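K.L.:
Have a look at this one before I ask anything.
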Amino acid sequence: MKQKLSTYFAGRNLPREIFNDCIGSLLYAIGIYYFASNADFAPGGISGVAIIINYFFHFLPIGTVSLILNIPIILGSKRYLGVGYLLRTFRTLVISAFFMDLVVPLLGMYQGMHLLAAIYAGAFSGAGLAIIYNNNTCTGGTDLVIMSARKVKPHLSIGQITMVIDGSIIFAGWLVFKNIDAVLYGFLFTAVSTIVIDKMMYGFTAGKLAMIISDDSAEIAKIIGQKIMRGSTRLLAKGSYSGSDKDVLLCACNRAQQVQLNQIVKEIDPSAFVIILDYNEVRGQGFLPHD
């Protein structure tokens with residue numbers, strides 16, 4: 001155990017990690033406590049369960065309930081996820097409970113439209129979770145269940161597992177709040193938070209991958225390098241119909257550079273075949289560093 005703890009602390013920038021946990025937990029707590037807890041719906045995850053419990057037992061704070069519910073999940077996930085990750089998760093849970101129960105309640109609760117509450121709850125929660133996920137930790141709950149389930153049943157997709165778990169909790173809100181709107185707001189919360197998480201985690205590093213098939217590939221690669229300062233990779237391919245050898249250029253670029261790239265290809269070879277794909281991130285020279 002001592003060796004595992006020393007491995008956990010070795011080489012870690014704990015002040016930075018704790019700072020990121022605090023920022024992420026603050027945003028997450030604003031989403032859950034300030035916006036969602038008074039809007040008569042249950043988000044997915046353990047926070048949704050905690051909101052339902054708090055609805056019946058007002059003296060039980062949401063953050064503390066979430067922390068308590070997560071303890072057996074953390075212990076059960078130890079076998080699959082390792083001690084280091086679960087220690088980071090427990091640290092995040094404690095920080096999150098602090099902001100959820102002691103800091104954000106000082107702001108009061110949002111008293112406006114439930115529809116707006118669901119949208120902004122999803123936005124703030126998604127932003128907080130994105131920061132927490134980028135910190136190589138999580139808020140426990142269904143995240144740990146999903147990752148553990150994937151270890152046991154790798155053929156199941158994350159979407160399938162999430163749909164079953166979070167969907168069950170959201171539909172439970174229908175029975176508790178006795179209003180179908182609780183289900184609609186719950187799924188709206190999930191949709192907004194998912195979009196925000198994806199945009200924050202991948203949106204700033206996402207871009208385009210161009211696949212260019214042309215008889216003038218060498219000239220196209222040269223001009224791309226000169227005008228938009230991007231390298232290209234030439235792959236040898238063979239046409240299935242003609243049987244002739246073809247060069248395929250691969251070029252990763254951002255969205256603005258894609259417009260220039262299209263113009264270059266059009267000027268050099270208007271008959272070129274161009275495929276544009278999306279990518280979430282690229283690591284290597286000229287892009288993100290390798291971790």
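Convention: chains lettered A, B, ... in structure tokens order; per-chain residue numbering from 1; ligands numbered from 1 as shown.
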Name the residues in contact with segment 65-81 of chain A at a cut-off of 12 Å, using only C-alpha atoms, excluding same-chain residues fewer than 3 positions from it; report them as number ranges by chain.

P.N.:
A: 29, 32, 45-55, 57-62, 84-98, 100-101, 137-153

K.L.:
Give me the residues near Gln258 of chain A as a ChimeraX atom specification, where near means some atom within 10 Å (using only C-alpha atoms) and where sequence neighbours in that chain fewer than 6 positions away do not count.

P.N.:
/A:207-210,228,251-252,264,276

K.L.:
Rank A:Arg16, A:Lys178, A:Lys222, A:Lys238 by their smallest atom-to-atom distance to Ile131 of chain A, using only C-alpha atoms, and report the top residue only.

P.N.:
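Result for the nearest residue to Ile131 of chain A: A:Arg16.
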
K.L.:
Based on DSSP run over this structure's backbone, return all residues of segment 39-249 of chain A in strand (DSSP E or B), as number ranges by chain.

P.N.:
A: 207-213, 233-238, 245-249

K.L.:
As an MDAnalysis selection string, list the residues of segment 23-122 of chain A assigned to alpha helix (DSSP H) by DSSP on the backbone atoms of this structure.

P.N.:
chainID A and resid 23:29 46:56 62:81 83:98 114:122

K.L.:
May I have the residues within 12 Å of Ala117 of chain A as JSON, numbers by chain, using only C-alpha atoms and disregarding those fewer than 4 positions away in the same chain?

P.N.:
{"A": [30, 31, 32, 33, 34, 35, 36, 37, 38, 39, 40, 41, 42, 43, 109, 110, 111, 112, 113, 121, 122, 123, 124, 125, 182, 185, 186, 188, 189, 192]}

K.L.:
With C-alpha atoms kept, could you save the residues just selected as a PDB file, in the first residue's frame?

P.N.:
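As written to disk, part13.pdb reads:
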```
ATOM      1  CA  ILE A  30     -23.251  25.680  -9.534  1.00  0.00           C
ATOM      2  CA  GLY A  31     -24.867  23.496 -12.165  1.00  0.00           C
ATOM      3  CA  ILE A  32     -26.189  20.867  -9.756  1.00  0.00           C
ATOM      4  CA  TYR A  33     -27.051  22.888  -6.647  1.00  0.00           C
ATOM      5  CA  TYR A  34     -27.809  26.402  -7.887  1.00  0.00           C
ATOM      6  CA  PHE A  35     -29.674  25.462 -11.068  1.00  0.00           C
ATOM      7  CA  ALA A  36     -30.829  21.825 -10.921  1.00  0.00           C
ATOM      8  CA  SER A  37     -31.677  21.110  -7.290  1.00  0.00           C
ATOM      9  CA  ASN A  38     -34.708  23.424  -7.200  1.00  0.00           C
ATOM     10  CA  ALA A  39     -36.003  22.712 -10.729  1.00  0.00           C
ATOM     11  CA  ASP A  40     -37.958  19.487 -10.037  1.00  0.00           C
ATOM     12  CA  PHE A  41     -35.914  17.116 -12.185  1.00  0.00           C
ATOM     13  CA  ALA A  42     -33.143  14.617 -11.580  1.00  0.00           C
ATOM     14  CA  PRO A  43     -30.001  14.705 -13.725  1.00  0.00           C
ATOM     15  CA  MET A 109     -30.927  28.773  -5.593  1.00  0.00           C
ATOM     16  CA  TYR A 110     -32.141  29.695  -9.047  1.00  0.00           C
ATOM     17  CA  GLN A 111     -35.857  30.473  -8.879  1.00  0.00           C
ATOM     18  CA  GLY A 112     -36.604  30.998 -12.573  1.00  0.00           C
ATOM     19  CA  MET A 113     -37.920  28.806 -15.378  1.00  0.00           C
ATOM     20  CA  ALA A 121     -27.317  23.287 -15.167  1.00  0.00           C
ATOM     21  CA  GLY A 122     -26.080  21.198 -18.079  1.00  0.00           C
ATOM     22  CA  ALA A 123     -23.760  23.957 -19.294  1.00  0.00           C
ATOM     23  CA  PHE A 124     -22.123  24.641 -15.914  1.00  0.00           C
ATOM     24  CA  SER A 125     -21.943  20.954 -14.986  1.00  0.00           C
ATOM     25  CA  ALA A 182     -38.844  15.978 -15.118  1.00  0.00           C
ATOM     26  CA  TYR A 185     -35.499  18.339 -18.419  1.00  0.00           C
ATOM     27  CA  GLY A 186     -33.268  15.471 -17.305  1.00  0.00           C
ATOM     28  CA  LEU A 188     -32.027  18.113 -21.869  1.00  0.00           C
ATOM     29  CA  PHE A 189     -29.521  18.500 -19.036  1.00  0.00           C
ATOM     30  CA  VAL A 192     -26.303  20.097 -22.983  1.00  0.00           C
TER      31      VAL A 192
END
```

K.L.:
Smallest atom-to-atom distance to Val103 of chain A: which of A:Ser25, A:Asn179, A:Asn13, A:Asn134, using only C-alpha atoms?

P.N.:
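Answer, going by the shortest atom-to-atom distance: A:Ser25.
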
K.L.:
Between A:Gly44, A:Arg255, A:Ser271, A:Ile223, which is the closest to Ala206 of chain A once you count only C-alpha atoms?

P.N.:
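Looking at the shortest contact to Ala206 of chain A, the residue is A:Arg255.
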
K.L.:
Counting only C-alpha atoms, which of A:Ile268, A:Leu129, A:Val183, A:Val248 gets nearest to Ser168 of chain A?

P.N.:
A:Val183

K.L.:
I'd like the contact shell of Pro270 of chain A - 12 Å cut-off, only C-alpha atoms, skipping same-chain residues fewer than 6 positions apart - returned as a ChimeraX atom specification.

P.N.:
/A:212-216,220,262-264
